[in-house]
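So this block is input15.pdb, PDB, C-alpha atoms:
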```
ATOM      1  CA  MET A1197      -7.322-126.295-159.392
ATOM      2  CA  THR A1198      -7.784-122.548-158.992
ATOM      3  CA  PRO A1199      -5.450-120.204-157.061
ATOM      4  CA  LEU A1200      -7.100-118.839-153.928
ATOM      5  CA  GLY A1201      -6.606-115.112-154.197
ATOM      6  CA  HIS A1202      -2.938-114.119-154.223
ATOM      7  CA  SER A1203      -1.885-117.091-152.056
ATOM      8  CA  ALA A1204      -0.002-120.180-153.212
ATOM      9  CA  VAL A1205      -2.957-122.351-152.170
ATOM     10  CA  GLN A1206      -5.040-123.857-154.966
ATOM     11  CA  VAL A1207      -8.579-125.196-154.555
ATOM     12  CA  THR A1208     -10.999-127.293-156.568
ATOM     13  CA  GLU A1209     -14.257-125.771-157.796
ATOM     14  CA  LEU A1210     -16.179-128.048-155.450
ATOM     15  CA  ALA A1211     -15.263-128.033-151.759
ATOM     16  CA  PHE A1212     -16.333-130.613-149.176
ATOM     17  CA  GLY A1213     -18.073-128.992-146.201
ATOM     18  CA  ALA A1214     -17.383-131.243-143.233
ATOM     19  CA  ALA A1215     -19.960-129.997-140.702
ATOM     20  CA  GLY A1216     -22.146-132.979-141.632
ATOM     21  CA  ILE A1217     -19.526-135.528-140.647
ATOM     22  CA  GLY A1218     -19.350-133.718-137.315
ATOM     23  CA  ASN A1219     -22.928-134.922-136.719
ATOM     24  CA  LEU A1220     -24.688-131.729-137.751
ATOM     25  CA  PHE A1221     -28.327-132.156-136.563
ATOM     26  CA  THR A1222     -28.149-135.967-136.743
ATOM     27  CA  ALA A1223     -25.444-138.550-136.162
ATOM     28  CA  VAL A1224     -23.468-140.347-138.860
ATOM     29  CA  SER A1225     -21.113-143.208-138.133
ATOM     30  CA  ASP A1226     -17.330-143.149-138.438
ATOM     31  CA  ALA A1227     -17.626-145.449-141.451
ATOM     32  CA  GLU A1228     -20.197-143.220-143.173
ATOM     33  CA  ALA A1229     -18.023-140.166-142.589
ATOM     34  CA  GLU A1230     -14.988-141.900-144.050
ATOM     35  CA  GLN A1231     -16.977-143.100-147.066
ATOM     36  CA  ALA A1232     -18.231-139.551-147.690
ATOM     37  CA  VAL A1233     -14.679-138.173-147.779
ATOM     38  CA  HIS A1234     -13.459-141.004-150.029
ATOM     39  CA  ALA A1235     -16.407-140.550-152.425
ATOM     40  CA  ALA A1236     -15.640-136.833-152.682
ATOM     41  CA  TRP A1237     -12.001-137.646-153.397
ATOM     42  CA  ASP A1238     -13.007-140.113-156.115
ATOM     43  CA  ALA A1239     -15.191-137.376-157.637
ATOM     44  CA  GLY A1240     -12.194-135.034-157.874
ATOM     45  CA  VAL A1241     -12.669-132.920-154.748
ATOM     46  CA  ARG A1242      -9.383-131.827-153.197
ATOM     47  CA  TYR A1243     -10.540-129.039-150.901
ATOM     48  CA  PHE A1244     -12.013-129.985-147.507
ATOM     49  CA  ASP A1245     -13.349-127.464-144.959
ATOM     50  CA  THR A1246     -13.879-128.091-141.258
ATOM     51  CA  ALA A1247     -13.854-126.298-137.879
ATOM     52  CA  PRO A1248     -13.506-127.070-134.154
ATOM     53  CA  HIS A1249     -17.123-125.888-133.789
ATOM     54  CA  TYR A1250     -18.368-128.798-135.906
ATOM     55  CA  GLY A1251     -19.232-131.551-133.464
ATOM     56  CA  LEU A1252     -16.851-130.262-130.770
ATOM     57  CA  GLY A1253     -13.843-131.413-132.785
ATOM     58  CA  LEU A1254     -15.421-134.576-134.205
ATOM     59  CA  SER A1255     -15.418-133.225-137.766
ATOM     60  CA  GLU A1256     -11.698-132.439-137.622
ATOM     61  CA  ARG A1257     -10.833-135.858-136.187
ATOM     62  CA  ARG A1258     -12.897-137.713-138.783
ATOM     63  CA  LEU A1259     -11.632-135.630-141.691
ATOM     64  CA  GLY A1260      -8.016-136.095-140.645
ATOM     65  CA  ALA A1261      -8.477-139.847-140.295
ATOM     66  CA  ALA A1262     -10.149-140.156-143.701
ATOM     67  CA  LEU A1263      -7.377-138.203-145.451
ATOM     68  CA  ARG A1264      -4.482-139.856-143.651
ATOM     69  CA  SER A1265      -3.669-142.270-146.472
ATOM     70  CA  ARG A1266      -3.733-139.531-149.138
ATOM     71  CA  PRO A1267      -0.576-137.702-150.321
ATOM     72  CA  ARG A1268      -0.412-134.495-148.270
ATOM     73  CA  ASN A1269       0.509-132.288-151.221
ATOM     74  CA  GLU A1270      -2.574-133.373-153.175
ATOM     75  CA  TYR A1271      -5.291-131.864-150.977
ATOM     76  CA  VAL A1272      -6.161-128.656-149.157
ATOM     77  CA  VAL A1273      -7.701-128.432-145.693
ATOM     78  CA  SER A1274      -9.217-125.335-144.129
ATOM     79  CA  THR A1275     -10.259-124.966-140.531
ATOM     80  CA  LYS A1276     -11.298-122.040-138.360
ATOM     81  CA  VAL A1277     -10.441-120.117-135.212
ATOM     82  CA  GLY A1278     -12.481-118.000-132.805
ATOM     83  CA  ARG A1279     -14.022-120.686-130.627
ATOM     84  CA  VAL A1280     -11.768-122.685-128.326
ATOM     85  CA  LEU A1281     -12.997-125.944-126.810
ATOM     86  CA  GLU A1282     -12.899-126.290-123.037
ATOM     87  CA  PRO A1283     -13.345-129.798-121.529
ATOM     88  CA  THR A1284     -16.447-130.363-119.389
ATOM     89  CA  PRO A1285     -15.668-133.645-117.576
ATOM     90  CA  GLY A1286     -18.752-135.588-116.609
ATOM     91  CA  ALA A1287     -21.145-133.121-118.211
ATOM     92  CA  PRO A1288     -24.465-134.800-119.027
ATOM     93  CA  GLY A1289     -26.449-134.404-122.198
ATOM     94  CA  ASP A1290     -25.582-133.562-125.782
ATOM     95  CA  ASP A1291     -24.687-130.613-127.974
ATOM     96  CA  LEU A1292     -27.942-130.459-129.928
ATOM     97  CA  ALA A1293     -28.654-126.968-128.616
ATOM     98  CA  ASN A1294     -25.708-125.929-130.794
ATOM     99  CA  GLY A1295     -26.807-128.133-133.690
ATOM    100  CA  PHE A1296     -24.605-131.193-133.231
ATOM    101  CA  ALA A1297     -25.612-134.701-132.175
ATOM    102  CA  VAL A1298     -22.544-135.350-130.008
ATOM    103  CA  PRO A1299     -21.994-135.717-126.253
ATOM    104  CA  ALA A1300     -21.381-132.439-124.434
ATOM    105  CA  THR A1301     -17.746-133.293-123.668
ATOM    106  CA  HIS A1302     -16.628-129.694-124.213
ATOM    107  CA  ARG A1303     -18.018-126.196-124.252
ATOM    108  CA  ARG A1304     -17.155-123.485-126.751
ATOM    109  CA  ARG A1305     -15.595-120.236-125.587
ATOM    110  CA  TRP A1306     -15.256-117.269-127.932
ATOM    111  CA  ASP A1307     -11.606-116.281-128.138
ATOM    112  CA  PHE A1308     -10.113-114.042-130.834
ATOM    113  CA  SER A1309      -7.006-113.235-128.805
ATOM    114  CA  ALA A1310      -3.574-113.996-130.247
ATOM    115  CA  ARG A1311      -3.069-116.694-127.621
ATOM    116  CA  GLY A1312      -6.490-118.187-128.357
ATOM    117  CA  VAL A1313      -5.775-118.303-132.097
ATOM    118  CA  ARG A1314      -2.469-120.096-131.623
ATOM    119  CA  ARG A1315      -3.973-122.528-129.134
ATOM    120  CA  SER A1316      -6.907-123.251-131.444
ATOM    121  CA  ILE A1317      -4.636-123.991-134.406
ATOM    122  CA  GLU A1318      -2.351-126.206-132.339
ATOM    123  CA  GLU A1319      -5.338-128.225-131.134
ATOM    124  CA  SER A1320      -6.758-128.437-134.667
ATOM    125  CA  LEU A1321      -3.417-129.723-135.974
ATOM    126  CA  GLU A1322      -3.520-132.454-133.337
ATOM    127  CA  ARG A1323      -7.107-133.472-134.122
ATOM    128  CA  LEU A1324      -6.433-133.450-137.865
ATOM    129  CA  GLY A1325      -3.112-135.235-137.517
ATOM    130  CA  LEU A1326      -1.372-132.639-139.712
ATOM    131  CA  ASP A1327       1.747-130.515-139.387
ATOM    132  CA  ARG A1328       0.303-127.563-141.287
ATOM    133  CA  ILE A1329      -3.102-126.193-142.255
ATOM    134  CA  ASP A1330      -3.569-124.816-145.746
ATOM    135  CA  ILE A1331      -6.248-122.208-144.948
ATOM    136  CA  VAL A1332      -7.411-120.804-141.612
ATOM    137  CA  TYR A1333     -10.525-118.620-141.385
ATOM    138  CA  LEU A1334     -11.603-116.375-138.535
ATOM    139  CA  HIS A1335     -14.963-117.988-137.773
ATOM    140  CA  ASP A1336     -18.047-115.770-137.338
ATOM    141  CA  PRO A1337     -16.401-112.719-135.737
ATOM    142  CA  ASP A1338     -19.689-110.772-136.025
ATOM    143  CA  ASP A1339     -19.702-109.672-132.376
ATOM    144  CA  HIS A1340     -15.922-109.642-132.002
ATOM    145  CA  ALA A1341     -14.759-107.397-134.847
ATOM    146  CA  GLY A1342     -12.346-105.413-132.698
ATOM    147  CA  SER A1343     -10.404-108.346-131.264
ATOM    148  CA  ALA A1344     -10.567-110.224-134.565
ATOM    149  CA  LEU A1345      -8.971-107.290-136.405
ATOM    150  CA  ASP A1346      -6.505-106.203-133.715
ATOM    151  CA  GLN A1347      -5.430-109.557-132.238
ATOM    152  CA  ALA A1348      -6.556-112.612-134.190
ATOM    153  CA  TYR A1349      -5.710-111.367-137.673
ATOM    154  CA  PRO A1350      -2.134-110.263-136.805
ATOM    155  CA  GLU A1351      -1.493-113.637-135.163
ATOM    156  CA  LEU A1352      -2.759-115.483-138.241
ATOM    157  CA  ALA A1353      -0.504-113.300-140.385
ATOM    158  CA  ARG A1354       2.462-114.277-138.194
ATOM    159  CA  MET A1355       1.588-117.960-138.488
ATOM    160  CA  ARG A1356       1.290-117.574-142.246
ATOM    161  CA  GLN A1357       4.787-116.105-142.291
ATOM    162  CA  GLU A1358       6.045-118.994-140.118
ATOM    163  CA  GLY A1359       4.584-121.535-142.569
ATOM    164  CA  THR A1360       2.204-123.242-140.125
ATOM    165  CA  VAL A1361      -0.639-121.759-142.165
ATOM    166  CA  GLY A1362      -0.721-121.383-145.940
ATOM    167  CA  ALA A1363      -3.491-118.809-146.405
ATOM    168  CA  ILE A1364      -5.670-116.821-144.034
ATOM    169  CA  GLY A1365      -9.153-115.414-144.251
ATOM    170  CA  VAL A1366     -12.519-114.817-142.628
ATOM    171  CA  GLY A1367     -15.721-116.861-142.840
ATOM    172  CA  MET A1368     -19.147-115.356-142.142
ATOM    173  CA  ASN A1369     -22.828-115.318-143.069
ATOM    174  CA  GLN A1370     -22.716-111.593-143.837
ATOM    175  CA  ALA A1371     -20.881-109.550-146.455
ATOM    176  CA  GLU A1372     -20.420-106.190-144.730
ATOM    177  CA  LEU A1373     -17.806-107.130-142.131
ATOM    178  CA  LEU A1374     -16.037-109.351-144.651
ATOM    179  CA  ALA A1375     -15.663-106.290-146.877
ATOM    180  CA  ARG A1376     -14.083-104.424-143.965
ATOM    181  CA  PHE A1377     -11.508-107.193-143.548
ATOM    182  CA  VAL A1378     -10.750-107.086-147.265
ATOM    183  CA  ARG A1379     -10.257-103.298-147.096
ATOM    184  CA  GLU A1380      -8.201-103.171-143.895
ATOM    185  CA  THR A1381      -6.088-106.349-143.857
ATOM    186  CA  ASP A1382      -3.953-108.557-146.062
ATOM    187  CA  ILE A1383      -6.152-111.659-145.979
ATOM    188  CA  ASP A1384      -6.027-114.150-148.835
ATOM    189  CA  ALA A1385      -9.640-115.326-148.870
ATOM    190  CA  VAL A1386     -13.168-114.968-147.559
ATOM    191  CA  LEU A1387     -15.721-117.695-147.013
ATOM    192  CA  LEU A1388     -19.081-116.092-147.754
ATOM    193  CA  ALA A1389     -22.077-118.188-146.685
ATOM    194  CA  GLY A1390     -25.531-117.633-148.137
ATOM    195  CA  ARG A1391     -24.973-114.114-149.452
ATOM    196  CA  TYR A1392     -24.189-114.859-153.094
ATOM    197  CA  THR A1393     -26.885-117.201-154.315
ATOM    198  CA  LEU A1394     -29.757-117.294-156.783
ATOM    199  CA  LEU A1395     -31.937-115.817-154.016
ATOM    200  CA  ASP A1396     -29.524-113.417-152.305
ATOM    201  CA  GLN A1397     -26.881-111.413-154.167
ATOM    202  CA  SER A1398     -26.039-109.010-151.322
ATOM    203  CA  GLY A1399     -22.382-110.057-151.571
ATOM    204  CA  LEU A1400     -22.249-108.301-154.933
ATOM    205  CA  THR A1401     -22.958-104.847-153.483
ATOM    206  CA  GLU A1402     -19.443-104.290-152.152
ATOM    207  CA  LEU A1403     -17.620-107.455-151.145
ATOM    208  CA  LEU A1404     -17.169-109.286-154.436
ATOM    209  CA  PRO A1405     -15.998-106.277-156.494
ATOM    210  CA  LEU A1406     -13.643-105.318-153.662
ATOM    211  CA  ALA A1407     -12.292-108.879-153.429
ATOM    212  CA  ALA A1408     -11.649-108.925-157.170
ATOM    213  CA  GLU A1409      -9.899-105.552-156.971
ATOM    214  CA  ARG A1410      -7.711-106.591-154.019
ATOM    215  CA  GLY A1411      -6.922-110.108-155.300
ATOM    216  CA  VAL A1412      -8.782-111.847-152.479
ATOM    217  CA  GLY A1413     -10.264-115.254-153.280
ATOM    218  CA  VAL A1414     -13.899-115.984-152.473
ATOM    219  CA  VAL A1415     -15.245-119.358-151.396
ATOM    220  CA  VAL A1416     -19.045-119.418-151.520
ATOM    221  CA  GLY A1417     -20.897-121.488-148.955
ATOM    222  CA  GLY A1418     -24.626-121.918-148.483
ATOM    223  CA  ALA A1419     -25.384-121.922-152.209
ATOM    224  CA  PHE A1420     -28.689-123.658-151.432
ATOM    225  CA  ASN A1421     -29.526-121.110-148.685
ATOM    226  CA  SER A1422     -29.777-124.013-146.193
ATOM    227  CA  GLY A1423     -32.236-126.009-148.286
ATOM    228  CA  LEU A1424     -34.702-123.837-150.173
ATOM    229  CA  LEU A1425     -32.696-123.927-153.412
ATOM    230  CA  ALA A1426     -32.049-127.652-153.082
ATOM    231  CA  ASP A1427     -35.721-128.643-152.897
ATOM    232  CA  PRO A1428     -38.231-125.792-152.787
ATOM    233  CA  LYS A1429     -41.465-126.953-151.145
ATOM    234  CA  PRO A1430     -43.643-125.864-148.211
ATOM    235  CA  GLY A1431     -41.638-126.143-145.011
ATOM    236  CA  ALA A1432     -38.262-125.816-146.766
ATOM    237  CA  THR A1433     -35.694-123.743-144.905
ATOM    238  CA  PHE A1434     -33.996-120.486-145.862
ATOM    239  CA  ASP A1435     -31.070-119.503-143.640
ATOM    240  CA  TYR A1436     -32.052-122.279-141.217
ATOM    241  CA  THR A1437     -35.611-121.115-140.594
ATOM    242  CA  THR A1438     -38.824-121.887-142.482
ATOM    243  CA  ALA A1439     -38.772-119.962-145.742
ATOM    244  CA  PRO A1440     -41.244-117.066-146.074
ATOM    245  CA  VAL A1441     -43.996-117.630-148.642
ATOM    246  CA  GLU A1442     -42.620-115.006-151.059
ATOM    247  CA  LEU A1443     -39.176-116.620-151.085
ATOM    248  CA  LEU A1444     -40.671-120.073-151.586
ATOM    249  CA  ASP A1445     -42.636-118.721-154.544
ATOM    250  CA  ARG A1446     -39.483-117.191-156.015
ATOM    251  CA  ALA A1447     -37.574-120.457-155.590
ATOM    252  CA  LEU A1448     -40.374-122.388-157.292
ATOM    253  CA  ARG A1449     -40.281-119.977-160.225
ATOM    254  CA  LEU A1450     -36.508-120.415-160.438
ATOM    255  CA  LYS A1451     -37.009-124.168-160.459
ATOM    256  CA  SER A1452     -39.633-123.921-163.224
ATOM    257  CA  VAL A1453     -37.288-121.955-165.514
ATOM    258  CA  CYS A1454     -34.444-124.396-164.826
ATOM    259  CA  GLU A1455     -36.643-127.365-165.673
ATOM    260  CA  ARG A1456     -37.636-125.795-169.008
ATOM    261  CA  HIS A1457     -33.932-125.798-169.873
ATOM    262  CA  GLY A1458     -33.397-129.352-168.630
ATOM    263  CA  VAL A1459     -31.285-128.185-165.700
ATOM    264  CA  PRO A1460     -31.801-129.183-162.054
ATOM    265  CA  LEU A1461     -32.256-126.132-159.836
ATOM    266  CA  ARG A1462     -29.372-127.366-157.698
ATOM    267  CA  ALA A1463     -27.081-127.343-160.739
ATOM    268  CA  ALA A1464     -27.916-123.710-161.477
ATOM    269  CA  ALA A1465     -27.503-122.825-157.787
ATOM    270  CA  LEU A1466     -24.013-124.325-157.622
ATOM    271  CA  ARG A1467     -22.869-122.914-160.966
ATOM    272  CA  PHE A1468     -24.244-119.388-160.467
ATOM    273  CA  PRO A1469     -21.488-118.041-158.122
ATOM    274  CA  PHE A1470     -18.782-118.798-160.691
ATOM    275  CA  GLY A1471     -20.079-115.968-162.838
ATOM    276  CA  HIS A1472     -18.053-113.617-160.654
ATOM    277  CA  PRO A1473     -14.289-113.709-161.295
ATOM    278  CA  ALA A1474     -13.425-113.497-157.572
ATOM    279  CA  VAL A1475     -15.147-116.815-156.812
ATOM    280  CA  ALA A1476     -12.718-119.727-156.665
ATOM    281  CA  SER A1477     -14.782-122.502-155.085
ATOM    282  CA  VAL A1478     -18.259-123.463-153.918
ATOM    283  CA  LEU A1479     -18.548-125.356-150.648
ATOM    284  CA  VAL A1480     -21.280-127.963-150.194
ATOM    285  CA  GLY A1481     -22.065-129.543-146.846
ATOM    286  CA  THR A1482     -21.736-133.303-147.215
ATOM    287  CA  ARG A1483     -22.522-136.148-144.819
ATOM    288  CA  SER A1484     -22.595-139.293-147.001
ATOM    289  CA  ALA A1485     -20.980-140.872-150.035
ATOM    290  CA  ALA A1486     -24.229-140.448-151.974
ATOM    291  CA  GLU A1487     -24.315-136.717-151.225
ATOM    292  CA  ALA A1488     -20.672-136.339-152.231
ATOM    293  CA  ARG A1489     -21.255-138.026-155.573
ATOM    294  CA  ASP A1490     -24.464-136.067-156.138
ATOM    295  CA  ALA A1491     -22.809-132.692-155.483
ATOM    296  CA  ALA A1492     -20.066-133.444-157.990
ATOM    297  CA  ALA A1493     -22.544-134.641-160.617
ATOM    298  CA  VAL A1494     -24.812-131.634-160.133
ATOM    299  CA  LEU A1495     -21.959-129.131-160.415
ATOM    300  CA  ALA A1496     -20.793-130.824-163.611
ATOM    301  CA  HIS A1497     -24.258-130.556-165.212
ATOM    302  CA  PRO A1498     -24.194-128.151-168.206
ATOM    303  CA  VAL A1499     -26.087-124.883-167.703
ATOM    304  CA  PRO A1500     -26.889-123.063-170.983
ATOM    305  CA  ASP A1501     -26.534-119.306-171.327
ATOM    306  CA  ALA A1502     -30.200-119.171-172.321
ATOM    307  CA  LEU A1503     -31.197-120.166-168.808
ATOM    308  CA  TRP A1504     -29.458-117.168-167.243
ATOM    309  CA  ALA A1505     -30.959-114.916-169.913
ATOM    310  CA  GLU A1506     -34.486-116.127-169.143
ATOM    311  CA  LEU A1507     -33.989-115.683-165.402
ATOM    312  CA  MET A1508     -33.070-112.060-166.073
ATOM    313  CA  GLU A1509     -35.945-111.540-168.484
ATOM    314  CA  ARG A1510     -38.385-112.801-165.862
ATOM    315  CA  GLY A1511     -36.887-110.628-163.124
ATOM    316  CA  LEU A1512     -35.603-113.607-161.166
ATOM    317  CA  LEU A1513     -32.034-112.330-161.428
ATOM    318  CA  PRO A1514     -30.921-108.692-161.639
ATOM    319  CA  ALA A1515     -29.849-107.712-165.137
ATOM    320  CA  ASP A1516     -26.408-106.605-163.952
ATOM    321  CA  VAL A1517     -25.447-109.838-162.172
ATOM    322  CA  PRO A1518     -22.467-111.553-163.882
ATOM    323  CA  THR A1519     -23.369-115.027-165.064
ATOM    324  CA  PRO A1520     -21.086-117.984-165.702
ATOM    325  CA  GLY A1521     -21.725-117.754-169.436
ATOM    326  CA  GLU A1522     -20.510-114.162-169.543
ATOM    327  CA  ALA A1523     -17.472-115.111-167.466
ATOM    328  CA  GLY A1524     -16.520-117.664-170.072
TER
END
```
Using the file provided, produce a representation of the structure as structure tokens.
Amino acid sequence: MTPLGHSAVQVTELAFGAAGIGNLFTAVSDAEAEQAVHAAWDAGVRYFDTAPHYGLGLSERRLGAALRSRPRNEYVVSTKVGRVLEPTPGAPGDDLANGFAVPATHRRRWDFSARGVRRSIEESLERLGLDRIDIVYLHDPDDHAGSALDQAYPELARMRQEGTVGAIGVGMNQAELLARFVRETDIDAVLLAGRYTLLDQSGLTELLPLAAERGVGVVVGGAFNSGLLADPKPGATFDYTTAPVELLDRALRLKSVCERHGVPLRAAALRFPFGHPAVASVLVGTRSAAEARDAAAVLAHPVPDALWAELMERGLLPADVPTPGEAG
């Protein structure tokens, strides 16, 4: 377990991303969701991330149910605030327009007010069946920076002081606003998705050095950039859209170097972020027991220093990027 920034919360290197068990894109059954969580637990995972957004609360309910028999002090759960769920009685259709194969029983409403934050956490506690949440992230405040900084963050800080929340942070797909939160607030952690990977190191420009300087923990999500680094082939996705030809070519060259060293590309992709000392955990979206076991096995795969050196020699990684070998 690794301390998350300057908080008392500790996380495992591998984190379970629970959007999948909230029926992201396609449905999974209650049993499959439970088996995925149990398989991750058996593989040593003790950090589980969810959000009300994921399946209109389904992910939180399933995660809470799957963890109910586990000792509460042995695992860490993070959830998010910023979208509150409003019931839509009798609404037809599904939520696939928002990416989730669930009935449209609720609608999401952006709310970074203090009242909205407290309401969101109270409802998450009920869905999860918990009396406290270890980590709460402000979720995608891209278009709500003012209210997130002036209202939501202070309320999270109060709840941290009250003990309802262990650590607080911000989760986004961009590094710039995260860096502003690190500079201007006393957050414990950031969840950075897709911006510190083998294909995109934009998080290194300002955010990661600043996080290290301020003692803020970094959880890296999207290490596969939504699919391209998991299985690069024509039609593969990068940031949830079809990857441009030049990025596909770069991913294929990364894969070729990895294979020469006997390393799966996915193993290098998951290990790479740990080269930076601010990174505490890598979060992998998981929807089945097989995926949970695979993620753990891939992260445990040895990655020789010579692989990172060759990637730099071939211009596939910048020469000044810290690698796991250099970090010890």
Show me, as a list in words, the residues that have an atom within 12 Å of Glu1506 (chain A) when counting only C-alpha atoms, minus same-chain residues fewer than 2 positions from it. Arg1449, Leu1450, Ser1452, Val1453, Cys1454, Glu1455, Arg1456, His1457, Pro1500, Asp1501, Ala1502, Leu1503, Trp1504, Met1508, Glu1509, Arg1510, Gly1511, Leu1512, Leu1513, Pro1514, Ala1515 and Thr1519 of chain A
Given the PyMOL selection byres ((chain A and resi 1377) around 12), the residues it picks as number ranges by chain: A: 1333-1334, 1337-1338, 1341-1342, 1344-1346, 1348-1350, 1364-1368, 1371-1376, 1378-1387, 1403, 1406-1407, 1410, 1412
Step by step, work through what the PyMOL selection byres ((chain A and resi 1463) around 10) selects in the shown file, and finish by giving those residues as number ranges by chain. A: 1425-1426, 1454, 1459-1462, 1464-1468, 1491-1499
Using only C-alpha atoms, can you list as an NGL selection string the residues within 12 Å of (-18.5, -117.3, -152.7)? :A and (1200 or 1209-1211 or 1366-1371 or 1374 or 1385-1394 or 1396-1400 or 1403-1405 or 1407-1408 or 1412-1419 or 1465-1480)
Sel. within 7 Å of pt (-19.4, -131.1, -140.0), counting only C-alpha atoms, output as a ChimeraX atom specification: /A:1213-1220,1246,1250-1251,1255
Output of the above residues as a tab-separated table (two decimals), keeping the file's coordinate frame, restricted to C-alpha atoms:
```
chain	number	residue	atom	x	y	z
A	1213	GLY	CA	-18.07	-128.99	-146.20
A	1214	ALA	CA	-17.38	-131.24	-143.23
A	1215	ALA	CA	-19.96	-130.00	-140.70
A	1216	GLY	CA	-22.15	-132.98	-141.63
A	1217	ILE	CA	-19.53	-135.53	-140.65
A	1218	GLY	CA	-19.35	-133.72	-137.32
A	1219	ASN	CA	-22.93	-134.92	-136.72
A	1220	LEU	CA	-24.69	-131.73	-137.75
A	1246	THR	CA	-13.88	-128.09	-141.26
A	1250	TYR	CA	-18.37	-128.80	-135.91
A	1251	GLY	CA	-19.23	-131.55	-133.46
A	1255	SER	CA	-15.42	-133.22	-137.77
```
Listed atoms of region 1251-1258 of chain A, axis-aligned box, 3 Å per side: centre and edge lengths to one decimal in Å, as lines of an AutoDock Vina configuration file?
```
center_x = -15.0
center_y = -134.0
center_z = -134.8
size_x = 14.4
size_y = 13.5
size_z = 14.0
```
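Between CA of Gly1481 (chain A) and CA of Asp1445 (chain A) there is a distance of 24.5 Å.
Residue nearest Ala1223 (chain A), chosen from A:Arg1483, A:Lys1429, A:His1340, A:Arg1264 and counting only C-alpha atoms: A:Arg1483.
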Of the residues A:Val1280, A:Leu1254, A:Leu1443, A:Val1273, which is the one nearest to Thr1208 (chain A), using all atoms listed in the file?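 The closest residue to Thr1208 (chain A) is A:Val1273.
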At a cut-off of 7 Å, using only C-alpha atoms, what residues contact Val1332 (chain A)? Leave out same-chain residues fewer than 6 positions from it and give the result as a ChimeraX atom specification. /A:1274-1276,1361,1363-1365
Take the residues that were just selected and, keeping C-alpha atoms, output them as a short mmCIF file (atom, residue, chain, number, x, y, z; two decimals), keeping the file's coordinate frame.
```cif
data_model
loop_
_atom_site.label_atom_id
_atom_site.label_comp_id
_atom_site.auth_asym_id
_atom_site.auth_seq_id
_atom_site.Cartn_x
_atom_site.Cartn_y
_atom_site.Cartn_z
CA SER A 1274 -9.22 -125.34 -144.13
CA THR A 1275 -10.26 -124.97 -140.53
CA LYS A 1276 -11.30 -122.04 -138.36
CA VAL A 1361 -0.64 -121.76 -142.16
CA ALA A 1363 -3.49 -118.81 -146.40
CA ILE A 1364 -5.67 -116.82 -144.03
CA GLY A 1365 -9.15 -115.41 -144.25
#
```
Atom pair CA of Tyr1271 (chain A) + CA of Ala1486 (chain A), distance 20.8 Å
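Here CA of Ala1488 (chain A) and CA of Ala1236 (chain A) stand 5.1 Å from one another.
Take the candidates A:Ala1229, A:Leu1252, A:Ile1329, A:Ala1505 and check each one against Leu1292 (chain A) using all atoms listed in the file; the shortest distance goes to A:Leu1252.
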Can you tell me which residues surround Asp1291 (chain A) at a distance of at most 9 Å, considering all atoms listed in the file, apart from same-chain residues fewer than 3 positions away, and format the answer as an MDAnalysis selection string? chainID A and resid 1251:1252 1294:1303
